[in-house]
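Below: the structure, in C-alpha cells.
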Amino acid sequence: MAQGKTPDGSRCWIFLGPELGKKQDAIDEIRRGLVGGQEGTSPEETSFYAGETSVSQMVAALRNGSLFAPSRLFLIKNAELIKKKDEVELLASYMVSPQADTALILISDETKLAKGLEDAVSKDKKTIFWELFENQKLEWVTSFFRREGYTVDPDGIETILEMVENNTDALRRECTRLMLFLGKDTHIGAADVEEWLSHTREESSFTLFSRIAAGDLSKSVESLHTLLAAKEMPPRIFGGLAGCFRKLRDYLILAKSGRVNDFEMKKIGIFSPKARADYALAAKRYTASGADSCLALTAEYEILLKSNEPFTSVLMDLYLYKIFGIAV
C-alpha cells in the first residue's frame, strides 16, 4: 500500500473462494449499481487475467478515463497470481485512491491474496464465497425446484448433488437443464435425474477426474476430447477439475489425521460411494502438495489457453500429461 494512505474502500472489492454462483451474483449486483443516466447506460466493462496482462497495463487502463460511458467496471481474475512486491505495491497504490467513475473487483478461487492487496480495501469490501456444505446444497436444490413448481424425491436431489459441481452456478445450470426435459407434473426421482443429466452430458469434469484418479491416461484423454467435441468450454473443465483437486487436498488432510468418516467427508462435499472411491484411488497417487501442484497447473493452463485458443486441444493434452506427471 502506498505509504501514508488508508483504503478508500468505496470503489474496490475483493471476491475470493470457490463458490462461483454467489460470487457472480455479487458481481452482478455491483454491475447493476453502476447503471446510470436517463437511458440506464451500462458501465464500460473490462476483464483482465493476472499472469496474462501486466499489472502496469492494468493500472494504466484503470487510471485512464472513459469518453463514452459514465462508469466503468474492471475485473481482475486469477488475482492470486499477483505476488511480486512491485506489482502488489503498484496495484495497491491505485486501490487506495481509485478513479471516481471506476469500480474494480479482484477475483480469485483461492481464499487469500497478497497482503498488500487485501490491506488496500476495507474489511467490508472483502468477501470469501465458500462452497456450500451438504445441508446447504440440499436446501438450495430443494428451494430451486419448489420455486419453479417441481417436486423432487430426496434420492433425486442426492443424485443431482453427486453429478454436479459444488457451486450454485453449476447447480442452477444443471437443474434448469433437467427441467427442460421433465414436466411439472413429473415427480422427479433418482432414475429421472441420472437418465436425463447423463443423457445430456455423458462426460463431465467429474468423469474426467475419475479417470485421472484411476491413473488411466488413455481414458482421460478420450474423456477430455469427448468434452471438447461437445463444445464444453475449457474454463468449465478447469473449474470442475480445480474443485476436485481442492476436495482431494481436503481428503488427504482428513486421511492423514485419521478422520475419514461420514461426517467429515460430508463436510468437504464427498458423500456418494462413487465419489469416495474416486478420492480413495486418487489419494494413492497424489500427496497433499501434489494436489496443490495440480491446482497451480490448472490455473496456469487456464490462463495460457485464453491467449492460445487455436491450440486448445494440444494444450489440454499437455495439461493432462503434466497432471499425470505430478502423481507419486
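Ordering of the C-alpha cells sets the chain letters (A, B, ...); residue numbers start at 1 within each chain; ligands are numbered from 1 in the order shown.
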Could I get the residues of range 189-296 of chain A with an atom no further than 10 Å from an atom of range 316-325 of chain A, each paired with its nearest atom pair and that distance in Å to one decimal, using only C-alpha atoms, sorted by chain and residue number, as JSON lines?
```
{"residue": "A:Ile212", "atom": "CA", "partner": "A:Phe324", "partner_atom": "CA", "distance": 7.4}
{"residue": "A:Ala213", "atom": "CA", "partner": "A:Phe324", "partner_atom": "CA", "distance": 9.5}
{"residue": "A:Gly215", "atom": "CA", "partner": "A:Phe324", "partner_atom": "CA", "distance": 7.5}
{"residue": "A:Asp216", "atom": "CA", "partner": "A:Phe324", "partner_atom": "CA", "distance": 9.1}
{"residue": "A:Leu217", "atom": "CA", "partner": "A:Phe324", "partner_atom": "CA", "distance": 7.4}
{"residue": "A:Ser220", "atom": "CA", "partner": "A:Leu320", "partner_atom": "CA", "distance": 7.8}
{"residue": "A:Val221", "atom": "CA", "partner": "A:Asp317", "partner_atom": "CA", "distance": 6.8}
{"residue": "A:Leu224", "atom": "CA", "partner": "A:Met316", "partner_atom": "CA", "distance": 8.0}
{"residue": "A:His225", "atom": "CA", "partner": "A:Asp317", "partner_atom": "CA", "distance": 8.8}
{"residue": "A:Leu228", "atom": "CA", "partner": "A:Met316", "partner_atom": "CA", "distance": 9.5}
{"residue": "A:Pro234", "atom": "CA", "partner": "A:Met316", "partner_atom": "CA", "distance": 8.4}
{"residue": "A:Phe238", "atom": "CA", "partner": "A:Met316", "partner_atom": "CA", "distance": 9.8}
{"residue": "A:Arg285", "atom": "CA", "partner": "A:Phe324", "partner_atom": "CA", "distance": 9.1}
{"residue": "A:Tyr286", "atom": "CA", "partner": "A:Phe324", "partner_atom": "CA", "distance": 9.5}
{"residue": "A:Gly290", "atom": "CA", "partner": "A:Ile323", "partner_atom": "CA", "distance": 9.2}
{"residue": "A:Ala291", "atom": "CA", "partner": "A:Ile323", "partner_atom": "CA", "distance": 9.5}
{"residue": "A:Ser293", "atom": "CA", "partner": "A:Ile323", "partner_atom": "CA", "distance": 8.5}
{"residue": "A:Cys294", "atom": "CA", "partner": "A:Ile323", "partner_atom": "CA", "distance": 6.1}
{"residue": "A:Leu295", "atom": "CA", "partner": "A:Ile323", "partner_atom": "CA", "distance": 9.5}
```
Excluding Ile303 in chain A and its own-chain neighbours fewer than 3 positions away, which residues fall within 12 Å of it when counting only C-alpha atoms? Please give them as a PyMOL selection string. chain A and resi 48-53+77-79+81+234-235+238+296-300+306-309+312+315-316
What's around Arg72 in chain A at 6 Å? Count only C-alpha atoms, leave out sequence neighbours fewer than 3 positions away in its own chain, and write the answer as a list in words. Pro43, Glu44, Glu45 and Thr102 of chain A
If DSSP is run on the backbone, what residues of range 82-303 of chain A are alpha helix (DSSP H)? A reply as a VMD selection string would be ideal. chain A and resid 85 to 95 115 to 119 134 to 148 154 to 163 168 to 181 190 to 200 205 to 213 217 to 229 234 to 257 262 to 267 273 to 283 288 to 303
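Minimum atom-to-atom distances from A:Cys175, A:Ile107, A:Cys12, A:Leu208 to Ile128 in chain A were compared using only C-alpha atoms, and the lowest value belongs to A:Ile107.
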Would you list the contacts of Lys274 in chain A as a ChimeraX atom specification, taking every protein, DNA or RNA residue within 12 Å and counting only C-alpha atoms, but skipping same-chain residues closer than 3 positions in sequence? /A:159,162-163,206-207,209-210,213,270-271,277-281
Selection from above, C-alpha atoms, as a CSV table (one decimal), in the first residue's frame, can you write it?
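File produced: selection-v2.csv:
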```csv
chain,number,residue,atom,x,y,z
A,159,THR,CA,-28.3,-37.8,-7.3
A,162,GLU,CA,-23.5,-36.4,-6.8
A,163,MET,CA,-23.4,-35.4,-10.5
A,206,PHE,CA,-16.2,-35.5,-12.7
A,207,THR,CA,-15.8,-38.4,-15.1
A,209,PHE,CA,-11.3,-36.7,-12.7
A,210,SER,CA,-12.4,-40.3,-12.1
A,213,ALA,CA,-7.9,-40.8,-10.1
A,270,ILE,CA,-17.8,-36.0,-0.6
A,271,PHE,CA,-20.7,-38.3,0.2
A,277,ALA,CA,-14.0,-44.5,-4.2
A,278,ASP,CA,-12.5,-41.9,-6.6
A,279,TYR,CA,-10.9,-39.9,-3.9
A,280,ALA,CA,-9.5,-43.0,-2.2
A,281,LEU,CA,-7.9,-44.0,-5.5
```
re CA of Asp109 in chain A and CA of Glu131 in chain A: distance 10.4 Å
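CA of Ile268 in chain A to CA of Cys244 in chain A spans 10.7 Å [interatomic distance, one decimal].
With CA of Lys84 in chain A on one side and CA of Thr127 in chain A on the other, the separation reads 22.8 Å.
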Please produce, as CSV, a per-residue contact table for range 143-206 of chain A versus range 21-31 of chain A (criterion: any atom at most 8 Å away, only C-alpha atoms considered), showing the nearest atom pair and its distance in Å to one decimal, sorted by chain then residue number.
```
residue,atom,partner,partner_atom,distance
A:Asn167,CA,A:Gly21,CA,6.1
A:Thr168,CA,A:Gly21,CA,4.5
A:Asp169,CA,A:Gly21,CA,4.0
A:Ala170,CA,A:Gly21,CA,7.5
```
Using only N, CA and C atoms, please write the residues we just selected to a file, as a PDB file, in the first residue's frame.
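File produced: selection33.pdb:
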```pdb
ATOM      1  N   ASN A 167     -21.055 -25.872  -6.692  1.00  0.00           N
ATOM      2  CA  ASN A 167     -21.235 -24.424  -6.665  1.00  0.00           C
ATOM      3  C   ASN A 167     -22.597 -24.109  -7.264  1.00  0.00           C
ATOM      4  N   THR A 168     -23.192 -23.007  -6.836  1.00  0.00           N
ATOM      5  CA  THR A 168     -24.567 -22.715  -7.227  1.00  0.00           C
ATOM      6  C   THR A 168     -24.689 -22.371  -8.707  1.00  0.00           C
ATOM      7  N   ASP A 169     -23.617 -21.919  -9.328  1.00  0.00           N
ATOM      8  CA  ASP A 169     -23.660 -21.651 -10.765  1.00  0.00           C
ATOM      9  C   ASP A 169     -23.906 -22.947 -11.527  1.00  0.00           C
ATOM     10  N   ALA A 170     -23.138 -23.994 -11.205  1.00  0.00           N
ATOM     11  CA  ALA A 170     -23.306 -25.287 -11.867  1.00  0.00           C
ATOM     12  C   ALA A 170     -24.645 -25.919 -11.502  1.00  0.00           C
TER      13      ALA A 170
END
```
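Residues lying within 12 Å of Gly149 in chain A, counting only C-alpha atoms and ignoring same-chain neighbours fewer than 6 positions away, are A:Thr142, A:Ser143, A:Met179, A:Leu182, A:Gly183, A:Lys184, A:Asp185, A:Thr186, A:His187, A:Ile188.
By chain and then residue number, the residues within 12 Å of Asp250 in chain A are Gly243, Cys244, Lys256, Ser257, Arg259, Val260, Glu264, Met265, Lys266, Lys267, Ile268, Gly269, Ile270, Tyr279, Ala280, Ala283, Thr287, Ala288, Ser289, Ala291 and Asp292 of chain A, counting only C-alpha atoms and disregarding those fewer than 6 positions away in sequence.
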